[in-house]
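Asks: Sharing protein.tsv (TSV, C-alpha atoms) below.
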```tsv
chain	number	residue	atom	x	y	z
K	16	MET	CA	31.68	68.43	-36.59
K	17	PHE	CA	33.74	66.19	-34.29
K	18	ARG	CA	33.29	62.44	-34.15
K	19	PHE	CA	34.70	60.10	-31.54
K	20	GLY	CA	35.77	56.50	-31.34
K	21	CYS	CA	37.40	54.15	-28.86
K	22	ALA	CA	38.47	50.55	-28.53
K	23	LEU	CA	35.63	48.12	-27.80
K	24	GLN	CA	35.89	44.91	-25.85
K	25	LEU	CA	32.94	42.68	-26.50
K	26	GLN	CA	31.80	39.46	-24.86
K	27	PRO	CA	31.55	36.73	-25.97
K	28	GLN	CA	34.47	36.39	-28.36
K	29	HIS	CA	33.64	33.11	-30.08
K	30	SER	CA	31.56	34.52	-32.92
K	31	ASP	CA	32.10	34.58	-36.65
K	32	GLN	CA	33.76	37.52	-38.36
K	33	PRO	CA	30.69	39.25	-39.92
K	34	SER	CA	28.75	38.99	-36.66
K	35	GLN	CA	31.62	40.41	-34.61
K	36	LEU	CA	32.06	43.19	-37.13
K	37	TYR	CA	28.38	44.06	-37.13
K	38	ALA	CA	28.31	43.91	-33.33
K	39	ARG	CA	31.23	46.32	-33.04
K	40	CYS	CA	29.52	48.81	-35.35
K	41	ALA	CA	26.17	48.45	-33.53
K	42	VAL	CA	27.69	48.87	-30.07
K	43	ALA	CA	29.73	51.88	-31.21
K	44	CYS	CA	26.63	53.52	-32.69
K	45	HIS	CA	24.61	52.73	-29.60
K	46	HIS	CA	27.12	54.68	-27.50
K	47	GLY	CA	27.31	57.62	-29.88
K	48	LEU	CA	30.64	56.70	-31.46
K	49	ARG	CA	31.17	57.07	-35.19
K	50	VAL	CA	34.81	55.98	-35.45
K	51	VAL	CA	35.02	52.20	-35.10
K	52	ARG	CA	38.31	50.53	-34.36
K	53	ILE	CA	38.51	47.15	-36.08
K	54	PRO	CA	41.05	44.56	-34.89
K	55	PRO	CA	43.35	43.54	-37.77
K	56	ALA	CA	42.12	39.94	-37.54
K	57	LEU	CA	38.57	41.05	-38.35
K	58	ALA	CA	39.54	43.30	-41.24
K	59	SER	CA	39.49	40.79	-44.04
K	60	PRO	CA	37.03	40.54	-46.94
K	61	LEU	CA	33.61	39.33	-45.85
K	62	PRO	CA	31.78	36.33	-47.29
K	63	ALA	CA	29.27	37.31	-49.96
K	64	HIS	CA	26.15	36.59	-47.89
K	65	ALA	CA	27.28	38.91	-45.08
K	66	THR	CA	28.55	41.83	-47.11
K	67	ALA	CA	25.15	43.41	-47.74
K	68	TYR	CA	23.98	43.94	-44.18
K	69	VAL	CA	27.38	45.01	-42.81
K	70	ARG	CA	27.91	47.42	-45.70
K	71	GLU	CA	24.39	48.80	-45.33
K	72	TYR	CA	24.91	49.44	-41.62
K	73	VAL	CA	28.28	51.11	-42.10
K	74	GLN	CA	26.96	53.33	-44.90
K	75	GLN	CA	23.71	54.15	-43.15
K	76	HIS	CA	25.45	55.38	-40.00
K	77	ARG	CA	28.45	56.86	-41.84
K	78	LEU	CA	30.90	54.95	-39.72
K	79	ARG	CA	34.59	55.44	-40.14
K	80	LEU	CA	36.57	52.22	-39.81
K	81	VAL	CA	40.08	52.30	-38.41
K	82	VAL	CA	42.63	49.49	-38.37
K	83	HIS	CA	45.74	49.75	-36.22
K	84	ALA	CA	48.63	47.88	-37.79
K	85	PRO	CA	50.75	45.87	-35.37
K	86	PHE	CA	54.22	47.12	-34.49
K	87	ALA	CA	56.33	45.87	-37.38
K	88	HIS	CA	58.41	47.21	-40.22
K	89	ILE	CA	56.33	48.64	-43.06
K	90	SER	CA	57.73	46.09	-45.52
K	91	GLN	CA	56.36	43.27	-43.38
K	92	LEU	CA	52.91	44.81	-43.31
K	93	ILE	CA	52.36	45.22	-47.05
K	94	PRO	CA	50.42	41.92	-47.56
K	95	ASP	CA	48.19	42.71	-44.58
K	96	MET	CA	47.61	46.24	-45.85
K	97	ALA	CA	46.44	44.87	-49.19
K	98	THR	CA	43.91	42.70	-47.32
K	99	TRP	CA	42.65	45.63	-45.26
K	100	VAL	CA	42.31	47.78	-48.39
K	101	SER	CA	40.17	45.05	-50.03
K	102	PHE	CA	38.05	44.97	-46.89
K	103	PHE	CA	37.51	48.75	-46.93
K	104	GLN	CA	36.71	48.73	-50.62
K	105	GLN	CA	34.20	45.92	-50.13
K	106	LEU	CA	32.36	48.01	-47.54
K	107	GLY	CA	32.67	51.23	-49.55
K	108	CYS	CA	34.63	53.02	-46.81
K	109	ALA	CA	36.65	55.60	-48.73
K	110	ASP	CA	37.53	57.49	-45.53
K	111	ALA	CA	38.82	54.46	-43.60
K	112	VAL	CA	42.28	54.62	-42.07
K	113	ILE	CA	45.17	52.21	-41.71
K	114	ILE	CA	47.32	53.47	-38.86
K	115	CYS	CA	51.01	52.58	-38.94
K	116	HIS	CA	53.92	53.36	-36.68
K	117	VAL	CA	57.30	54.27	-38.10
K	118	PRO	CA	60.13	53.02	-35.90
K	119	GLN	CA	62.81	54.97	-37.76
K	120	LEU	CA	62.56	58.17	-39.77
K	121	ASP	CA	65.28	57.25	-42.25
K	122	ALA	CA	65.70	57.44	-46.01
K	123	PRO	CA	64.97	53.73	-46.76
K	124	THR	CA	61.66	53.96	-44.87
K	125	ALA	CA	60.76	57.14	-46.75
K	126	THR	CA	61.56	55.49	-50.06
K	127	LEU	CA	59.48	52.45	-49.15
K	128	LEU	CA	56.50	54.60	-48.16
K	129	LYS	CA	56.70	56.62	-51.37
K	130	ARG	CA	56.75	53.44	-53.46
K	131	LEU	CA	53.73	51.85	-51.82
K	132	ASP	CA	50.74	51.07	-53.99
K	133	PRO	CA	48.59	54.23	-54.42
K	134	THR	CA	45.50	52.43	-53.07
K	135	ILE	CA	47.37	51.58	-49.86
K	136	ARG	CA	48.70	55.13	-49.58
K	137	HIS	CA	45.14	56.41	-49.93
K	138	TYR	CA	44.16	54.70	-46.66
K	139	LEU	CA	47.46	55.00	-44.81
K	140	ALA	CA	48.29	57.40	-41.97
K	141	LEU	CA	51.36	57.53	-39.75
K	142	GLU	CA	50.98	57.81	-36.00
K	143	HIS	CA	53.30	60.01	-34.02
K	144	THR	CA	55.04	57.99	-31.32
K	145	HIS	CA	58.44	58.62	-29.78
K	146	HIS	CA	59.99	60.99	-32.31
K	147	ALA	CA	60.46	64.72	-31.94
K	148	PRO	CA	57.23	66.27	-33.28
K	149	ASP	CA	59.00	68.64	-35.69
K	150	ARG	CA	61.06	65.85	-37.17
K	151	PHE	CA	58.06	63.55	-37.49
K	152	GLY	CA	55.97	66.28	-39.11
K	153	ALA	CA	58.71	66.96	-41.65
K	154	PHE	CA	59.04	63.25	-42.41
K	155	THR	CA	55.31	62.80	-43.10
K	156	ALA	CA	55.33	65.88	-45.31
K	157	GLN	CA	58.28	64.40	-47.21
K	158	VAL	CA	56.55	61.05	-47.85
K	159	GLY	CA	53.13	62.62	-48.49
K	160	ILE	CA	51.19	60.57	-45.92
K	161	PRO	CA	49.06	62.36	-43.31
K	162	PRO	CA	50.29	62.35	-39.70
K	163	ILE	CA	48.18	61.39	-36.69
K	164	PHE	CA	48.63	63.74	-33.79
K	165	ASP	CA	48.88	61.87	-30.49
K	166	TRP	CA	48.45	64.04	-27.44
K	167	GLN	CA	50.19	61.73	-24.99
K	168	HIS	CA	53.30	61.29	-27.14
K	169	TYR	CA	53.47	64.99	-27.91
K	170	HIS	CA	53.11	65.84	-24.24
K	171	GLN	CA	55.83	63.38	-23.25
K	172	ALA	CA	58.19	64.62	-25.96
K	173	ALA	CA	57.67	68.11	-24.44
K	174	PRO	CA	59.11	70.10	-27.35
K	175	TRP	CA	59.87	73.77	-27.06
K	176	PRO	CA	57.94	75.85	-27.97
K	177	TYR	CA	55.15	73.74	-26.46
K	178	THR	CA	52.25	74.31	-28.86
K	179	PRO	CA	50.11	71.15	-29.17
K	180	ASP	CA	47.13	73.16	-30.39
K	181	ARG	CA	49.07	74.71	-33.24
K	182	THR	CA	50.74	71.41	-34.13
K	183	LEU	CA	47.38	69.65	-34.15
K	184	CYS	CA	45.89	72.23	-36.50
K	185	GLU	CA	48.93	72.10	-38.79
K	186	TRP	CA	48.83	68.32	-38.98
K	187	ALA	CA	45.06	68.33	-39.46
K	188	ALA	CA	45.53	70.55	-42.51
K	189	ARG	CA	47.70	67.83	-44.08
K	190	TRP	CA	44.69	65.51	-44.41
K	191	VAL	CA	43.62	66.55	-47.88
K	192	THR	CA	41.24	63.81	-49.04
K	193	ARG	CA	39.94	62.54	-45.68
K	194	ARG	CA	38.86	63.97	-42.33
K	195	PRO	CA	41.78	64.40	-39.93
K	196	LEU	CA	42.13	61.88	-37.13
K	197	TRP	CA	43.96	62.33	-33.84
K	198	HIS	CA	44.59	60.22	-30.81
K	199	MET	CA	43.72	61.31	-27.32
K	200	SER	CA	44.91	59.60	-24.18
K	201	SER	CA	46.35	60.51	-20.83
K	202	ALA	CA	49.23	58.81	-19.08
K	203	SER	CA	48.40	56.14	-16.54
K	204	ALA	CA	48.65	57.35	-12.96
K	205	HIS	CA	50.06	54.05	-11.73
K	206	GLY	CA	51.83	52.33	-14.62
K	207	SER	CA	54.68	53.48	-16.82
K	208	PRO	CA	54.43	56.99	-18.37
K	209	THR	CA	53.87	55.49	-21.81
K	210	GLN	CA	50.91	53.41	-20.64
K	211	HIS	CA	47.43	54.73	-21.43
K	212	GLY	CA	45.41	55.77	-18.41
K	213	THR	CA	41.79	54.81	-17.92
K	214	VAL	CA	40.67	58.43	-17.60
K	215	VAL	CA	41.10	60.97	-20.39
K	216	ASP	CA	41.92	64.52	-19.34
K	217	SER	CA	38.83	66.42	-20.45
K	218	SER	CA	40.49	69.83	-20.03
K	219	VAL	CA	43.00	68.98	-22.75
K	220	VAL	CA	40.28	67.68	-25.06
K	221	ILE	CA	38.24	70.84	-24.57
K	222	TRP	CA	41.29	73.04	-25.19
K	223	LEU	CA	42.17	71.22	-28.40
K	224	LEU	CA	38.56	71.07	-29.64
K	225	ARG	CA	38.23	74.82	-29.12
K	226	SER	CA	41.46	75.37	-31.07
K	227	LEU	CA	40.14	73.24	-33.91
K	228	ARG	CA	36.83	75.12	-33.87
K	229	THR	CA	38.66	78.44	-34.03
K	230	SER	CA	40.78	77.31	-36.96
K	231	GLY	CA	37.73	75.84	-38.73
K	232	HIS	CA	38.83	72.19	-38.82
K	233	VAL	CA	36.52	69.19	-38.58
K	234	CYS	CA	38.15	66.21	-36.96
K	235	ASP	CA	37.74	62.65	-35.73
K	236	ILE	CA	39.14	61.74	-32.33
K	237	GLU	CA	40.09	58.27	-31.21
K	238	ILE	CA	40.24	57.80	-27.46
K	239	GLU	CA	42.96	55.40	-26.38
K	240	SER	CA	42.02	54.08	-22.99
K	241	PRO	CA	41.72	50.60	-21.53
K	242	ALA	CA	38.39	51.72	-20.06
K	243	GLY	CA	36.95	51.99	-23.59
K	244	ILE	CA	33.34	53.12	-23.62
K	245	ALA	CA	33.42	54.09	-19.94
K	246	ALA	CA	36.18	56.60	-20.72
K	247	TRP	CA	34.17	58.04	-23.60
K	248	THR	CA	30.99	58.29	-21.50
K	249	ARG	CA	32.85	60.12	-18.76
K	250	LEU	CA	34.59	62.42	-21.24
K	251	ARG	CA	31.29	63.32	-22.93
K	252	ARG	CA	29.70	64.09	-19.56
K	253	GLU	CA	32.62	66.34	-18.58
K	254	ILE	CA	32.54	68.18	-21.90
K	255	GLN	CA	28.82	68.72	-21.39
K	256	HIS	CA	29.52	70.15	-17.94
K	257	LYS	CA	32.62	72.24	-18.67
K	258	ALA	CA	32.15	73.27	-22.30
K	259	PRO	CA	28.49	72.95	-23.29
K	260	GLU	CA	29.08	75.15	-26.33
K	261	LEU	CA	31.03	72.25	-27.92
K	262	ILE	CA	28.22	69.70	-27.60
K	263	PRO	CA	26.38	70.78	-30.80
K	264	PHE	CA	29.59	70.11	-32.69
K	265	ILE	CA	30.04	66.56	-31.41
K	266	GLN	CA	28.28	64.06	-33.62
K	267	SER	CA	26.95	61.30	-31.44
K	268	GLY	CA	23.68	60.46	-33.15
K	269	ASP	CA	22.15	60.07	-36.58
K	270	THR	CA	20.09	63.21	-36.31
K	271	HIS	CA	23.06	65.56	-36.65
K	272	ALA	CA	24.05	66.71	-40.08
K	273	ASP	CA	27.58	65.74	-41.03
K	274	THR	CA	28.25	68.84	-43.01
K	275	GLN	CA	29.14	71.46	-40.40
U	25	MET	CA	35.11	29.31	-18.56
U	26	LEU	CA	33.44	32.61	-17.93
U	27	THR	CA	33.83	33.96	-14.40
U	28	LEU	CA	30.70	35.55	-13.01
U	29	ASN	CA	30.64	38.42	-10.56
U	30	GLU	CA	28.08	40.92	-9.33
U	31	SER	CA	28.53	43.21	-12.31
U	32	THR	CA	28.51	40.59	-15.07
U	33	PRO	CA	26.14	42.02	-17.69
U	34	LEU	CA	22.94	40.04	-18.24
U	35	ILE	CA	19.94	40.41	-20.50
U	36	LEU	CA	16.48	39.56	-19.29
U	37	ALA	CA	14.62	38.46	-22.40
U	38	ILE	CA	11.15	37.20	-23.19
U	39	VAL	CA	10.52	33.69	-24.51
U	40	PRO	CA	7.43	34.60	-26.50
U	41	ASN	CA	5.96	31.19	-27.31
U	42	GLN	CA	6.33	27.42	-27.04
U	43	ALA	CA	8.41	27.21	-30.23
U	44	SER	CA	10.98	29.65	-28.85
U	45	TYR	CA	11.01	27.71	-25.58
U	46	ASP	CA	11.67	24.44	-27.44
U	47	LYS	CA	14.50	26.07	-29.38
U	48	LEU	CA	15.94	27.38	-26.14
U	49	ILE	CA	15.86	24.06	-24.31
U	50	ASN	CA	16.53	21.63	-27.16
U	51	GLU	CA	18.87	23.58	-29.42
U	52	GLN	CA	20.26	25.95	-26.76
U	53	GLN	CA	19.62	28.98	-28.94
U	54	TYR	CA	17.84	32.27	-28.44
U	55	CYS	CA	17.02	34.60	-31.36
U	56	VAL	CA	16.37	38.34	-31.44
U	57	PRO	CA	15.93	40.81	-34.32
U	58	ILE	CA	19.19	42.37	-35.42
U	59	ARG	CA	18.19	45.79	-34.11
U	60	TYR	CA	18.96	44.43	-30.64
U	61	MET	CA	22.57	43.64	-31.56
U	62	ALA	CA	24.00	46.52	-29.52
U	63	THR	CA	22.10	45.25	-26.47
U	64	VAL	CA	23.14	41.61	-26.71
U	65	ALA	CA	26.64	41.82	-28.20
U	66	ASP	CA	28.57	42.45	-25.00
U	67	VAL	CA	26.62	40.46	-22.43
U	68	SER	CA	27.56	37.08	-21.03
U	69	MET	CA	24.33	35.84	-19.44
U	70	LEU	CA	20.71	35.42	-20.47
U	71	ALA	CA	17.72	35.22	-18.12
U	72	CYS	CA	14.50	33.91	-19.67
U	73	TYR	CA	11.16	35.52	-18.87
U	74	MET	CA	8.07	33.40	-19.53
U	75	PRO	CA	4.92	35.41	-20.29
U	76	GLY	CA	1.34	34.22	-19.87
U	77	TRP	CA	1.54	31.24	-22.27
U	78	HIS	CA	3.73	29.21	-19.91
U	79	PRO	CA	1.63	26.47	-18.28
U	80	THR	CA	3.34	26.24	-14.88
U	81	HIS	CA	5.20	29.54	-14.36
U	82	PRO	CA	3.45	32.32	-16.29
U	83	ARG	CA	5.10	35.73	-15.79
U	84	HIS	CA	8.19	34.31	-14.14
U	85	VAL	CA	11.89	34.32	-14.90
U	86	THR	CA	12.54	30.61	-14.97
U	87	HIS	CA	15.97	29.97	-16.51
U	88	VAL	CA	19.43	31.46	-16.75
U	89	ALA	CA	22.08	30.54	-19.32
U	90	ARG	CA	25.54	31.56	-20.39
U	91	ILE	CA	25.97	33.13	-23.83
U	92	MET	CA	28.83	31.46	-25.67
U	93	SER	CA	28.64	33.19	-29.05
U	94	TYR	CA	26.39	35.06	-31.43
U	95	SER	CA	25.87	34.90	-35.16
U	96	ILE	CA	23.68	36.63	-37.70
U	97	GLN	CA	21.27	34.49	-39.71
U	98	ILE	CA	18.21	35.07	-41.85
U	99	ARG	CA	15.00	34.28	-39.99
U	100	GLU	CA	13.73	31.69	-42.44
U	101	LEU	CA	16.90	29.65	-41.85
U	102	ILE	CA	16.35	29.80	-38.10
U	103	TRP	CA	12.63	29.01	-38.35
U	104	PRO	CA	12.30	26.87	-41.52
U	105	LEU	CA	8.70	26.02	-40.69
U	106	GLN	CA	7.67	29.69	-40.88
U	107	PRO	CA	8.60	30.67	-44.48
U	108	HIS	CA	5.70	33.13	-44.79
U	109	HIS	CA	6.46	35.08	-41.64
U	110	PRO	CA	6.45	38.87	-42.38
U	111	ARG	CA	10.08	39.08	-41.25
U	112	ALA	CA	11.19	35.80	-42.85
U	113	THR	CA	13.91	37.45	-44.93
U	114	GLN	CA	15.28	39.70	-42.20
U	115	PRO	CA	18.53	39.04	-40.33
U	116	TYR	CA	18.36	37.93	-36.70
U	117	VAL	CA	20.98	37.51	-34.00
U	118	VAL	CA	21.23	33.91	-32.82
U	119	LEU	CA	22.70	33.54	-29.35
U	120	SER	CA	24.33	30.17	-28.74
U	121	LEU	CA	23.86	29.20	-25.11
U	122	THR	CA	25.32	26.76	-22.67
U	123	ASP	CA	24.72	25.78	-19.05
U	124	ILE	CA	20.97	26.44	-19.21
U	125	GLU	CA	19.75	26.03	-15.64
U	126	PRO	CA	16.40	26.51	-13.97
U	127	LEU	CA	16.24	29.36	-11.52
U	128	THR	CA	15.16	28.17	-8.08
U	129	PRO	CA	12.87	29.60	-7.07
U	130	PRO	CA	11.69	31.38	-10.26
U	131	ILE	CA	11.41	35.15	-10.04
U	132	PRO	CA	7.80	36.32	-10.39
U	133	SER	CA	6.82	39.48	-12.21
U	134	PRO	CA	3.55	40.66	-10.66
U	135	ARG	CA	3.83	44.21	-12.05
U	136	TRP	CA	5.92	44.11	-15.23
U	137	HIS	CA	4.01	42.30	-17.98
U	138	ARG	CA	5.45	43.91	-21.11
U	139	ILE	CA	9.08	42.79	-20.90
U	140	SER	CA	10.91	42.30	-24.20
U	141	ILE	CA	14.64	42.73	-23.59
U	142	HIS	CA	15.97	44.38	-20.48
U	143	ARG	CA	19.62	44.80	-19.58
U	144	THR	CA	20.80	44.33	-16.01
U	145	THR	CA	23.51	42.46	-14.06
U	146	THR	CA	23.70	39.05	-12.44
U	147	GLY	CA	24.05	40.65	-9.02
U	148	THR	CA	20.86	42.66	-9.45
U	149	LEU	CA	18.93	39.64	-10.70
U	150	ALA	CA	20.18	37.53	-7.82
U	151	ARG	CA	18.76	40.03	-5.31
U	152	MET	CA	15.32	40.40	-6.90
U	153	PRO	CA	12.38	39.05	-4.87
U	154	TYR	CA	10.26	39.98	-7.88
U	155	LEU	CA	10.93	41.86	-11.10
U	156	GLY	CA	11.02	45.59	-10.62
U	157	HIS	CA	12.26	45.37	-7.04
U	158	THR	CA	15.71	44.89	-5.57
U	159	SER	CA	16.58	43.87	-2.04
U	160	LEU	CA	19.53	42.56	-0.11
U	161	ARG	CA	18.19	39.00	-0.09
U	162	ARG	CA	19.99	36.86	-2.63
U	163	ARG	CA	19.16	33.70	-4.47
U	164	HIS	CA	21.76	31.29	-5.81
U	165	ILE	CA	22.82	31.48	-9.47
U	166	ALA	CA	25.15	28.72	-10.58
U	167	GLY	CA	28.66	30.08	-11.05
U	168	LEU	CA	28.03	33.31	-9.18
U	169	PRO	CA	29.95	33.41	-5.89
U	170	ASP	CA	27.72	33.70	-2.83
```
The structure given in the file should be rewritten as structure tokens.

Replies:
Amino acid sequence: MFRFGCALQLQPQHSDQPSQLYARCAVACHHGLRVVRIPPALASPLPAHATAYVREYVQQHRLRLVVHAPFAHISQLIPDMATWVSFFQQLGCADAVIICHVPQLDAPTATLLKRLDPTIRHYLALEHTHHAPDRFGAFTAQVGIPPIFDWQHYHQAAPWPYTPDRTLCEWAARWVTRRPLWHMSSASAHGSPTQHGTVVDSSVVIWLLRSLRTSGHVCDIEIESPAGIAAWTRLRREIQHKAPELIPFIQSGDTHADTQ
Amino acid sequence: MLTLNESTPLILAIVPNQASYDKLINEQQYCVPIRYMATVADVSMLACYMPGWHPTHPRHVTHVARIMSYSIQIRELIWPLQPHHPRATQPYVVLSLTDIEPLTPPIPSPRWHRISIHRTTTGTLARMPYLGHTSLRRRHIAGLPD
């Protein structure tokens, strides 16, 4: 079963943390998303009176919470990571993800990642950015933290042989205790090549989803697009039109079993 | 300050009784059960529909307001005078409003009588001669460019 998520931009912004958190989860569910991206500022332990209803909602809809760490050295993020871990534990989200970027694939960074607290390592995942895919894959295997495949970065790195489907399946197999997560975005047509476009290339998504189906992997997909829910709605419609056989395997409601 | 345009999302919501109307006008708050959170969380405007209880404009949309923030509260804290209400212990979404303004003229609803919460846009509301019908004629909504 495949589950999707995307960034949400909600109005108005002047609300308290539990209400904003609940609203994000409710809006995501309403649009058939099960992966909910939480801004780092919201991912801190909830006050006691609010924990029950947020936890109940997250558990009831089996939402997967994802926090993207800001661009910084891992050592600078450790206090924040501890806060996010407390937040996930409070909500009972064992499959939540903290996504980090690794600026340099060097020995000191590897040592630091290996020495992190086991509870932080449980939630941590490293996102592929500008490195050569082979080198990044080897680094994540060395430090024992699952890699996040990012289509746009892989495509821009353009390695040879060019096998994003095989790389995705290999990296998905590295997620031992949690469901694999990968990022999907297409380059902006007007901005810089590294900028996310508003429209996601549905042909690529269909190709990769079929590869995952063939290899028997379940997966969560996070769409990175400034259009947010509009991009997801369009992508779902195009999948329905071009590859209707995949629709039963996309979990977008509570009626689907989560076991396939 | 929020900038309005034709596609600014808006919820058209019922003010079910005098107590809700008083809360709306005096405390600038509007409350809905938490199951409506996904509907109200990402909208910026509220239009208030008055059903048959309203003495002067029954079945009319009479006010518009900007939504400044939302919070989740237990019903008995929102309505302390109704401790025995069947949903007294359930969480509600409280919308904090500002710039509540009467709609001139009010929009009648000759056909739709069972409105609870309906999502639309400011541009659509501004063009409605009556609920359930759109036309090119526009009425003025404060903050929305003509």

Asks: Determine, counting all atoms listed in the file, every residue of protein, DNA or RNA that lies within 10 Å of (25.1, 44.7, -7.8) in the file coordinates, then give the result as an MDAnalysis selection string.

Replies: chainID U and resid 29:32 144:151 158 160

Asks: The selected residues should be written to file as a JSON list (two decimals), in the frame of the given file (atoms: C-alpha atoms).

Replies:
```
[["chain", "number", "residue", "atom", "x", "y", "z"],
["U", 29, "ASN", "CA", 30.64, 38.42, -10.56],
["U", 30, "GLU", "CA", 28.08, 40.92, -9.33],
["U", 31, "SER", "CA", 28.53, 43.21, -12.31],
["U", 32, "THR", "CA", 28.51, 40.59, -15.07],
["U", 144, "THR", "CA", 20.80, 44.33, -16.01],
["U", 145, "THR", "CA", 23.51, 42.46, -14.06],
["U", 146, "THR", "CA", 23.70, 39.05, -12.44],
["U", 147, "GLY", "CA", 24.05, 40.65, -9.02],
["U", 148, "THR", "CA", 20.86, 42.66, -9.45],
["U", 149, "LEU", "CA", 18.93, 39.64, -10.70],
["U", 150, "ALA", "CA", 20.18, 37.53, -7.82],
["U", 151, "ARG", "CA", 18.76, 40.03, -5.31],
["U", 158, "THR", "CA", 15.71, 44.89, -5.57],
["U", 160, "LEU", "CA", 19.53, 42.56, -0.11]]
```

Asks: Restricting the calculation to all atoms listed in the file: of U:Leu34, U:Ile139, U:Ile165, U:Ala71, which residue gets closest to chain K?

Replies: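 Of the candidates, the smallest distance to chain K is held by U:Leu34.
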
Asks: Distance atom CA of K:Phe86-atom CA of K:Met199, one decimal place?

Replies: 19.1 Å

Asks: Go ahead and compute the interatomic distance for atom CA of K:Val214 and atom CA of K:Ala245, in Å to one decimal.

Replies: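 Computing the Euclidean distance for atom CA of K:Val214 and atom CA of K:Ala245 yields 8.8 Å.
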
Asks: Kindly determine which residues of chain K lie within 12 Å of chain U, considering all atoms listed in the file, and give the answer as a PyMOL selection string.

Replies: chain K and resi 23-47+64-69+72+244

Asks: List the spatial neighbours of stretch 247-259 of chain K as a VMD selection string - criterion: any atom at most 7 Å away, all atoms listed in the file, same-chain residues fewer than 6 positions off excluded.

Replies: chain K and resid 215 217 221

Asks: Give me, please, the distance in Å between atom CA of U:His81 and atom CA of U:Pro169, quoted to one decimal.

Replies: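 Value for the atom CA of U:His81-atom CA of U:Pro169 distance: 26.4 Å.
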
Asks: For a quick check of understanding, using all atoms listed in the file, which of K:His198, K:His116, K:His143, K:His88 has the smallest distance to K:Cys21?

Replies: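 Among K:His198, K:His116, K:His143, K:His88, it is K:His198 that comes nearest to K:Cys21.
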
Asks: Do you know which residues are at most 9 Å from U:Pro82 counting all atoms listed in the file, after dropping those on the same chain fewer than 5 positions away, and could you put them as an mmCIF file with C-alpha atoms, keeping the file's coordinate frame?

Replies:
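So the final result, stored in result08.cif, reads:
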```cif
data_model
loop_
_atom_site.group_PDB
_atom_site.id
_atom_site.type_symbol
_atom_site.label_atom_id
_atom_site.label_comp_id
_atom_site.auth_asym_id
_atom_site.auth_seq_id
_atom_site.Cartn_x
_atom_site.Cartn_y
_atom_site.Cartn_z
ATOM 1 C CA TYR U 73 11.160 35.520 -18.870
ATOM 2 C CA MET U 74 8.070 33.400 -19.530
ATOM 3 C CA PRO U 75 4.920 35.410 -20.290
ATOM 4 C CA GLY U 76 1.340 34.220 -19.870
ATOM 5 C CA TRP U 77 1.540 31.240 -22.270
ATOM 6 C CA PRO U 132 7.800 36.320 -10.390
ATOM 7 C CA SER U 133 6.820 39.480 -12.210
#
```

Asks: Could you check which of K:Val220, K:Val51, K:Ala87, K:Val82 is closest to K:Gln119, using all atoms listed in the file?

Replies: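 When distances to K:Gln119 are compared using all atoms listed in the file, the smallest one comes from K:Ala87.
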
Asks: Residues at most 6 Å from K:Leu196, counting only C-alpha atoms, excluding those fewer than 3 positions away in the same chain, as a list of chain:residue names?

Replies: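 That gives K:Cys234, K:Asp235, K:Ile236.
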
Asks: Would you put the residues from that selection into a file with C-alpha atoms, as a compact mmCIF listing (two decimals), in the coordinates of the input?

Replies:
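Writing done, so here's selection.txt:
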```
# COMPACT_ATOMS: atom_id res chain seq x y z
CA CYS K 234 38.15 66.21 -36.96
CA ASP K 235 37.74 62.65 -35.73
CA ILE K 236 39.14 61.74 -32.33
```

Asks: Quick one: axis-aligned box around all listed atoms of stretch 115-124 of chain U, 3 Å on every side, centre and edge lengths in Å to one decimal, written as JSON.

Replies:
```
{"center_x": 21.8, "center_y": 32.4, "center_z": -29.7, "size_x": 13.0, "size_y": 19.3, "size_z": 27.3}
```

Asks: Compile the contact shell of K:Ile265 as a list in words: residues with an atom at most 9 Å away, counting only C-alpha atoms, same-chain residues fewer than 6 positions apart removed.

Replies: Met16, Phe17, Arg18, Phe19 and His271 of chain K
